[in-house]
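Structure first, commentary second.
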Amino acid sequence: MPVITKSIALCLVCSAGSWLSPLPALHAQEAGELASSRDTLIAAARDIIEASRYGALVTLDESGHPRVRTMDPFAPDEDMVIWFGTNRQTRKVKEIENDPRVTLYYPAPDTDGYVTIYGVARLVDDPAEKARRWKPEWGRFYPDREATYLLIAVTPERMEIVSYSHGIVGDPDTWRPAFVEFPDPNVGLNPAN
């Protein structure tokens with residue numbers, strides 16, 4: 001079935017749930033073919049992430065089971081790195097120390113899509129960075145901010161997105177979402193001697 005026919009069929013099915021988008025659909029298989037699709041996907045992901053008040057952070061516990069919790073993130077930086085504040089005594093800190101692979105999930109506030117980021121977390125205890133990445137409303141959670149506040153920075157490796165309002169839908173047959181892969185920031189770096 002040609003892509004246009006598949007798009008129409010998917011939109012007709014989705015229209016029953018009021019997901020019909022006036023925008024042309026960008027399918028997962030088309031994402032790699034369109035030169036501007038990477039920028040389009042990242043821009044749509046930023047819209048969803050910034051409109052979401054909260055996101056979910058998934059870590060792996062010592063037995064390999066996923067552990068999920070709601071987080072209050074900062075907006076993604078220019079490289080799509082996402083920062084969170086946490087208490088250094090939490091389970092998530094120990095889980096990241098043990099295995100830094102994490103998943104972030106942001107549902108679209110209008111319920112017509114989502115962003116999922118697979119990445120690597122690192123714990124940041126730099127005082128200047130912690131001062132820059134602080135929300136005043138967090139004060140009640142950190143009565144001893146200097147001793148307990150710690151940052152988590154998640155560097156993306158892969159991002160998946162579905163957003164009917166942005167015209168980005170999954171493959172109509174497999175439902176595989178559109179995605180962006182990020183280069184490894186460590187490639188090409190010389191190891192320290």
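Here's how to read the names in the structure tokens: chain A, B, ... by the order shown, residue numbers from 1 in each chain, ligand numbers from 1 in the order shown.
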A:Leu104 surroundings by only C-alpha atoms, 9 Å radius, close-in-sequence under 2 positions cut, as a PDB file with C-alpha atoms, in the first residue's frame:
ATOM      1  CA  GLY A  55       8.276  13.479  32.828  1.00  0.00           C
ATOM      2  CA  ALA A  56       9.062   9.930  33.887  1.00  0.00           C
ATOM      3  CA  LEU A  57      12.594   8.739  34.612  1.00  0.00           C
ATOM      4  CA  VAL A  58      13.146   4.986  34.315  1.00  0.00           C
ATOM      5  CA  VAL A 102      17.953   5.357  31.549  1.00  0.00           C
ATOM      6  CA  TYR A 106       6.955  12.578  28.262  1.00  0.00           C
ATOM      7  CA  VAL A 115       8.473  11.532  23.437  1.00  0.00           C
ATOM      8  CA  THR A 116      10.716   8.735  24.686  1.00  0.00           C
ATOM      9  CA  ILE A 117      14.437   9.328  25.174  1.00  0.00           C
ATOM     10  CA  TYR A 118      16.920   6.506  25.696  1.00  0.00           C
ATOM     11  CA  GLY A 119      20.174   7.772  27.102  1.00  0.00           C
ATOM     12  CA  VAL A 154      20.711  12.605  30.732  1.00  0.00           C
TER      13      VAL A 154
END
*Which residues in stretch 58-179 of chain A does DSSP call strand (DSSP E)? List them as JSON, numbers by chain.*
{"A": [58, 59, 60, 66, 67, 68, 69, 70, 71, 82, 83, 84, 85, 86, 87, 101, 102, 103, 104, 105, 106, 107, 113, 114, 115, 116, 117, 118, 119, 120, 121, 122, 123, 124, 149, 150, 151, 152, 153, 154, 155, 156, 157, 158, 159, 160, 161, 162, 163, 178, 179]}
Generate a file of the selected residues that holds C-alpha atoms, formatted as a compact mmCIF listing (two decimals), in the first residue's frame.
# COMPACT_ATOMS: atom_id res chain seq x y z
CA VAL A 58 13.15 4.99 34.31
CA THR A 59 16.25 3.42 35.85
CA LEU A 60 17.29 -0.21 36.30
CA PRO A 66 12.89 -1.07 35.57
CA ARG A 67 11.98 1.50 38.23
CA VAL A 68 9.94 4.52 37.20
CA ARG A 69 9.23 7.79 38.93
CA THR A 70 7.77 11.16 38.05
CA MET A 71 10.34 13.96 37.79
CA ILE A 82 17.90 16.90 30.07
CA TRP A 83 18.68 17.83 33.66
CA PHE A 84 16.89 16.85 36.87
CA GLY A 85 17.44 17.65 40.52
CA THR A 86 17.27 14.92 43.14
CA ASN A 87 18.25 13.96 46.67
CA ARG A 101 21.29 3.58 31.10
CA VAL A 102 17.95 5.36 31.55
CA THR A 103 14.73 6.08 29.70
CA LEU A 104 12.74 9.32 29.86
CA TYR A 105 9.08 9.49 28.90
CA TYR A 106 6.95 12.58 28.26
CA PRO A 107 3.28 12.22 27.34
CA GLY A 113 1.54 11.58 21.32
CA TYR A 114 4.69 11.21 23.37
CA VAL A 115 8.47 11.53 23.44
CA THR A 116 10.72 8.73 24.69
CA ILE A 117 14.44 9.33 25.17
CA TYR A 118 16.92 6.51 25.70
CA GLY A 119 20.17 7.77 27.10
CA VAL A 120 22.96 7.73 29.62
CA ALA A 121 22.68 9.50 32.97
CA ARG A 122 25.51 11.07 34.92
CA LEU A 123 25.45 12.49 38.41
CA VAL A 124 26.67 16.09 38.71
CA TYR A 149 20.87 18.37 46.33
CA LEU A 150 22.38 16.57 43.34
CA LEU A 151 21.86 16.85 39.58
CA ILE A 152 21.22 14.15 37.00
CA ALA A 153 22.11 14.96 33.38
CA VAL A 154 20.71 12.60 30.73
CA THR A 155 22.54 12.59 27.40
CA PRO A 156 20.29 11.18 24.68
CA GLU A 157 21.31 8.31 22.44
CA ARG A 158 17.96 7.82 20.73
CA MET A 159 14.68 9.72 20.81
CA GLU A 160 11.33 8.42 19.59
CA ILE A 161 8.36 10.67 18.94
CA VAL A 162 4.72 10.43 17.97
CA SER A 163 2.70 13.63 17.73
CA ALA A 178 9.72 8.30 14.11
CA PHE A 179 13.13 8.61 15.76
*Please report, as a PyMOL selection string, each residue of stretch 122-163 of chain A to which DSSP assigns helix (DSSP H, G or I) when run on this structure's backbone.*
chain A and resi 127-132+136-141+145-148
Written selection (N, CA and C atoms) as a PDB file, in the first residue's frame:
ATOM      1  N   PRO A 127      29.076  22.658  42.352  1.00  0.00           N
ATOM      2  CA  PRO A 127      28.301  23.721  43.006  1.00  0.00           C
ATOM      3  C   PRO A 127      27.785  24.791  42.040  1.00  0.00           C
ATOM      4  N   ALA A 128      28.576  25.186  41.069  1.00  0.00           N
ATOM      5  CA  ALA A 128      28.129  26.211  40.120  1.00  0.00           C
ATOM      6  C   ALA A 128      26.976  25.695  39.263  1.00  0.00           C
ATOM      7  N   GLU A 129      27.079  24.466  38.819  1.00  0.00           N
ATOM      8  CA  GLU A 129      26.007  23.871  38.005  1.00  0.00           C
ATOM      9  C   GLU A 129      24.739  23.707  38.839  1.00  0.00           C
ATOM     10  N   LYS A 130      24.903  23.291  40.091  1.00  0.00           N
ATOM     11  CA  LYS A 130      23.743  23.126  40.967  1.00  0.00           C
ATOM     12  C   LYS A 130      23.074  24.469  41.266  1.00  0.00           C
ATOM     13  N   ALA A 131      23.846  25.523  41.377  1.00  0.00           N
ATOM     14  CA  ALA A 131      23.270  26.851  41.612  1.00  0.00           C
ATOM     15  C   ALA A 131      22.498  27.326  40.381  1.00  0.00           C
ATOM     16  N   ARG A 132      23.018  27.001  39.215  1.00  0.00           N
ATOM     17  CA  ARG A 132      22.362  27.405  37.970  1.00  0.00           C
ATOM     18  C   ARG A 132      21.089  26.613  37.705  1.00  0.00           C
ATOM     19  N   PRO A 136      13.207  27.499  42.771  1.00  0.00           N
ATOM     20  CA  PRO A 136      12.893  27.947  44.139  1.00  0.00           C
ATOM     21  C   PRO A 136      11.818  27.103  44.837  1.00  0.00           C
ATOM     22  N   GLU A 137      10.853  26.591  44.072  1.00  0.00           N
ATOM     23  CA  GLU A 137       9.788  25.790  44.688  1.00  0.00           C
ATOM     24  C   GLU A 137      10.291  24.457  45.255  1.00  0.00           C
ATOM     25  N   TRP A 138      11.535  24.098  44.957  1.00  0.00           N
ATOM     26  CA  TRP A 138      12.105  22.858  45.481  1.00  0.00           C
ATOM     27  C   TRP A 138      12.618  23.002  46.916  1.00  0.00           C
ATOM     28  N   GLY A 139      12.654  24.214  47.440  1.00  0.00           N
ATOM     29  CA  GLY A 139      13.225  24.448  48.761  1.00  0.00           C
ATOM     30  C   GLY A 139      12.676  23.547  49.846  1.00  0.00           C
ATOM     31  N   ARG A 140      11.387  23.264  49.815  1.00  0.00           N
ATOM     32  CA  ARG A 140      10.784  22.425  50.861  1.00  0.00           C
ATOM     33  C   ARG A 140      11.270  20.978  50.811  1.00  0.00           C
ATOM     34  N   PHE A 141      11.781  20.543  49.650  1.00  0.00           N
ATOM     35  CA  PHE A 141      12.291  19.173  49.527  1.00  0.00           C
ATOM     36  C   PHE A 141      13.750  19.057  49.965  1.00  0.00           C
ATOM     37  N   ARG A 145      20.057  21.947  51.522  1.00  0.00           N
ATOM     38  CA  ARG A 145      20.346  21.898  50.081  1.00  0.00           C
ATOM     39  C   ARG A 145      21.797  21.534  49.769  1.00  0.00           C
ATOM     40  N   GLU A 146      22.742  22.112  50.494  1.00  0.00           N
ATOM     41  CA  GLU A 146      24.162  21.852  50.227  1.00  0.00           C
ATOM     42  C   GLU A 146      24.513  20.382  50.394  1.00  0.00           C
ATOM     43  N   ALA A 147      23.901  19.730  51.361  1.00  0.00           N
ATOM     44  CA  ALA A 147      24.237  18.334  51.647  1.00  0.00           C
ATOM     45  C   ALA A 147      23.448  17.336  50.822  1.00  0.00           C
ATOM     46  N   THR A 148      22.251  17.718  50.362  1.00  0.00           N
ATOM     47  CA  THR A 148      21.391  16.710  49.748  1.00  0.00           C
ATOM     48  C   THR A 148      21.127  16.884  48.259  1.00  0.00           C
TER      49      THR A 148
END
_Shortest interatomic distance to A:Arg133 - which of A:Val169, A:Ala75, A:Met80, A:Ala45, counting only C-alpha atoms_ = A:Ala75
_Can you measure atom CA of A:Arg38 to atom CA of A:Gly170 for me? One decimal in Å is fine._
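Separation of atom CA of A:Arg38 and atom CA of A:Gly170: 15.0 Å.
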*Mind pulling up the distance from atom CA of A:Pro76 to atom CA of A:Pro143?*
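Taking atom CA of A:Pro143 and atom CA of A:Pro76, their separation equals 26.7 Å.
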*Between A:Ala108, A:Asp126, A:Asn98, A:Thr90, single out the one closest to A:Tyr54, counting only C-alpha atoms.*
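Nearest to A:Tyr54: A:Ala108.
Of note, atom CA of A:Asp125 and atom CA of A:Lys92 are spaced 15.0 Å apart.
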